[in-house]
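Have a look at the structure below before the remarks.
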Amino acid sequence: MKAVSARNPDVSLSAKTGKSNFWKVAFRNRYLYAMSLPFVVWVFVFSYYPLWGWLIAFQRWKPGKSIWEQKWAGLDQFKTLFRDDMFYQVMRNTLAMSVMGLVATFTVPILFAVLLNEIRNMFFKRAVQTISYLPHFVSWAVATSIITRMLAGENGVVNDFLMWLGILHEPIQWMGKEHLFWGIVTVSDAWKETGWNAIIYLAAMAGIGPELYEAAKVDGASRLRQIWHITLPGIRSTVIVLMILSIGHLISIGFEKQFLLGNNLVRDYSQVLDLYSLQYGLQMSRYSFGTAINIFNSVVSVILLFAANGLFKRIAKESIM
Amino acid sequence: MAKRRKWPVLLMSTALFAGLLAGCGGKDNNGSASPSGSAAASGSASPSASASAPAEDLKPLTLTYYSEDPNPNWANMQDETGKYITEKTGITLDAEFAVGDAVQKSALIATSGKYPDLISAKTSISKFVDAGAVIDLTDLIDKYGPNLKKVYGDELKRLRYSEDDPSIYVLPSYAGVGQTYFEAGGGFELQHRVVKELGYPRIRTVQDFENAIKQYLAKHPTDENGNKNIGLTLNADDWHMYISVTNPAFLTTGGADDGEFNIDVDTYKVTYHFLRPEEKEYFRWLNHMNAEGLLDKESFVQKYDQYKAKVASGRVLGLIDQLWDYADGEKALKAAGKFDQAYGHYPVTLNENFKDTSFWPTGFMAGSGVAISKTNPDPVRTIKFLDWLASDEGQVLINWGIEGKHYTVENGKRVMIKEVNDRRINDGTNFQKESGIGNYTLLSAHYGDGVKDPTGNYYTLKFPEQLTNDYSDVEKEVLKNYGATIWKDLFPKEEEFKVKPWGAAWNIPIPSDSDSTVIEEKLKNITWKMIPKAILAKPEEFDDIWDDYVSQLEKADVHKAEELRAELVKARVKLWNE
């Protein structure tokens, strides 16, 4: 949305011609402003107003007393956090899994969308698309149980298949190998979300004018050349906007997959930041500590978002702000 | 056009805005409601206290009730017993159960400031106490709780919260007073077909257990359908780790169940139990079982449902678990008529020098139970309600149901009506939903199994005669060959142990700001990671991994955790036995 409005010539013009013009423009767009007001209020109430609760990260907060009667602790909570070895381990796992996830979500769905876009048989195309995004609606609780069964050592499809091919001689305990855990999470994520993520790229591809392809054909461009010179540049801005947004979310990857797929054998590789804050914050009623983790999380996300934005602005001349 | 278009826009934005305001406004209202509610509660407590003279107040009153233990058979008191209770006391409970992580749910309720009227939160109760959310019941019990006093008797002193705060916040309702355990549900389990085939060998040490499995597997590598038999599988999904993997380490080496610690019954010396050298040998044995191929390779990977399904398939020869943990799987076996693939319980220990400690007595385990919140609208009626449940009439009702409908008294002997009892055993879930029997035991003080009421009948439905009725023929035959009538006969008796004066360490609440919470969580993480690693390692690497494990524990301040626990244990011993 913002990316679109940023390229709106009207707005960029007004920014150049000075302040007095702002009110003119604002008045001209008063209905738009009126319509956006509820959402601004919404954001304020649900995203900014609760921020004052961050205060408890600097306290030793105990239930039953108001926030002003609590003991102040300065940066103690943050010190505890940064001194904890486990924190670095969970950060490593979080970043590793989200970077792998990022790579997967920006290659597989795009490739899939490009291939799907080349299909001329509409019925087949629609059918493939629908089937491919179905797993998105399966909850992680169900998906993980399917995955663990498939990878089971006994009667697991994957093991049985590999043994039938003669690649393996005895079943492997996939879920018990700690070095495979990140990979399993990434692959299952790709399986679940590829179809869904491809939708937005397909939509972007649908917006590319057919005359471009016709012109390319006249010039004798092959299918591959058309993809390379028309389709991919056509979805470039969509990809960059999505990429910047997901870089902002790098360390808040949730914990469902890791929690449900993990077991004690892979613990060193399955613990992520959100699980850590759940276990060592909320579950132990260390609310102040949990909030400290959350602040750290938000600060890092904001930094990452701006860094990514700046980087793309400079090298790709595209950005969301 | 322009004029016309304006209105929808304005309307929509005002509507949305109003919606937002309403949303925030609602929050504010709630916020202000709870203090005024508490004011009303404390206000109403004193007048009704003074007005207690008139006859029992049976005005309908609905109390909210929160419990950490989910009860899937709860029928909103619309079951037969529930209706009877409401009729007698005027009270209806609106229950909420924790789903998912109960400790976390309790913590959230404790911080929210909106408390249910009755709170049953096990050890999480300390959070409510710290938040000042529950009231002292000492005076209420004294004035309105004659039955509660009678049931608790001398144990009343165990209800005090701590030495600094000797108030009574909780009416212990999990432990029955005077409880005798008739049935053994733990130990090591072997399928009946295994011991039968091998001619009922002595099963006393882990070596015997291993040999039995090994010999049977050698004879029958697969079941009749050609599926592979599994020697031993463990249940290591999340907290089941305690039950099936780590607790057996002390149970088989002469240590009592004190959670993650071992406490010397004479000196009160506290040791993180994995540091005991005997337990290293227990895990070495599991490591050996794995090396021999007798331990299921999926033990540490499988989820709980996979474990249960495996048990239900009847292919698992041996288990190390508690009956309630694998019962679902075994029920399926029994329902399919495969009684010889069900399990017997054997008091297995590391070697003959140890005694299985399953029945180490704890004395009355005050602790988990029901508390009354400060926002309860009528604490006096609430305590009267709980007192009624603890009366003889109430206790017989919650255990036996309604006379004439569920049980009859023949020649002074209380017997369950045959059809009702058959239904209770064969269609337990629906029976509990309809009759309500079993839904109300965790609400108030009650006597344990084996205690007789003034008419000479047992209060509860569990007594030796009843037990053997539930056994299958195969089970009876196996027991006969071991010279026993019930499984418990095989186990060392309570009298062989010295009563632990602190009850059990796992039931001592930890002050919420204590360092031990964090240290113990870290120790748990290390243990849960390293124990499976040690078991699955090559036997020659076991010692190295174990050394690594111990050094990690020491780095995580294991000895400080021991000291902190020792303080708690000493305080508890003093509190309970003075």
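Lettering and numbering for the structure tokens are positional, with chains as A, B, ... in the shown order, residues counted from 1 in each chain, and ligands counted from 1 in the shown order.
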inquiry  = Can you pull out the residues contacting Ile398 of chain B? Cut-off 7 Å, using only C-alpha atoms, and skip same-chain residues under 4 positions away; I want them as a VMD selection string.
reply    = chain B and resid 81 394 437 to 438 440 to 441
inquiry  = Taking only C-alpha atoms into account, find every residue of chain A that has an atom no more than 6 Å from chain B, and write it out as a list in words.
reply    =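 The contacting residues on chain A are Met35, Pro38, Pro63, Gly64, Gly176, Asn264, Leu265 and Gln283 of chain A.
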Output of the above residues as a tab-separated table (two decimals), in the first residue's frame, restricted to C-alpha atoms:
```tsv
chain	number	residue	atom	x	y	z
A	35	MET	CA	-11.15	7.45	6.30
A	38	PRO	CA	-9.91	5.16	12.55
A	63	PRO	CA	1.73	-9.19	40.44
A	64	GLY	CA	-0.79	-7.53	42.69
A	176	GLY	CA	16.63	-37.29	16.35
A	264	ASN	CA	15.01	-33.50	23.71
A	265	LEU	CA	17.58	-34.87	21.32
A	283	GLN	CA	6.26	-19.62	32.56
```
key: Polymer residues at most 9 Å from Gly259 of chain B, only C-alpha atoms, same-chain spacing of 6 or more positions, as a list in words   =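 In the requested form, the answer reads Tyr242, Asn247, His273, Ala504, Ala505, Trp506 and Asn507 of chain B.
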Generate the output file for the selected residues, N, CA and C atoms, as a PDB file, in the first residue's frame.
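Output contents, as saved in part_26.pdb:
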```pdb
ATOM      1  N   TYR B 242       9.902 -37.132  32.792  1.00  0.00           N
ATOM      2  CA  TYR B 242      10.039 -37.407  34.222  1.00  0.00           C
ATOM      3  C   TYR B 242       9.537 -38.801  34.559  1.00  0.00           C
ATOM      4  N   ASN B 247      12.441 -40.347  36.602  1.00  0.00           N
ATOM      5  CA  ASN B 247      12.015 -40.813  37.926  1.00  0.00           C
ATOM      6  C   ASN B 247      12.410 -42.258  38.217  1.00  0.00           C
ATOM      7  N   HIS B 273      19.196 -35.351  42.079  1.00  0.00           N
ATOM      8  CA  HIS B 273      19.267 -36.812  42.166  1.00  0.00           C
ATOM      9  C   HIS B 273      20.133 -37.463  41.092  1.00  0.00           C
ATOM     10  N   ALA B 504       6.654 -34.338  50.320  1.00  0.00           N
ATOM     11  CA  ALA B 504       7.470 -34.559  49.139  1.00  0.00           C
ATOM     12  C   ALA B 504       7.971 -33.219  48.658  1.00  0.00           C
ATOM     13  N   ALA B 505       9.218 -33.191  48.224  1.00  0.00           N
ATOM     14  CA  ALA B 505       9.826 -31.902  47.881  1.00  0.00           C
ATOM     15  C   ALA B 505       9.131 -31.249  46.693  1.00  0.00           C
ATOM     16  N   TRP B 506       8.575 -32.063  45.810  1.00  0.00           N
ATOM     17  CA  TRP B 506       7.945 -31.458  44.635  1.00  0.00           C
ATOM     18  C   TRP B 506       6.676 -30.718  44.998  1.00  0.00           C
ATOM     19  N   ASN B 507       6.182 -30.921  46.199  1.00  0.00           N
ATOM     20  CA  ASN B 507       4.933 -30.248  46.535  1.00  0.00           C
ATOM     21  C   ASN B 507       5.160 -29.035  47.444  1.00  0.00           C
TER      22      ASN B 507
END
```
Restrict the calculation to only C-alpha atoms, then for each residue of segment 77-141 of chain A with any atom at most 12 Å from an atom of segment 540-559 of chain B give the closest atom pair and their distance in Å to one decimal, rows by chain and rising residue number, as CSV.
```
residue,atom,partner,partner_atom,distance
A:Asp84,CA,B:Ala556,CA,10.4
A:Asp85,CA,B:Ala556,CA,10.2
A:Met86,CA,B:Ala556,CA,10.9
```
message = If I take atom CA of Glu567 of chain B and atom CA of Leu171 of chain B, how far is one from the other in Å, to one decimal?
response = 24.3 Å
query = What is the atom CA of Val43 of chain A-atom CA of Leu273 of chain A distance in Å, reported with one decimal?
reply = 25.4 Å
request  = Find the distance between atom CA of Trp72 of chain A and atom CA of Trp52 of chain A and write it in Å to one decimal.
outcome  =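 Going from atom CA of Trp72 of chain A over to atom CA of Trp52 of chain A covers 14.9 Å.
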query = Which residue gives the smallest distance to Val170 of chain B among B:Val134, B:Ala561, B:Ala484, B:Ala534, with only C-alpha atoms counted?
reply = B:Val134
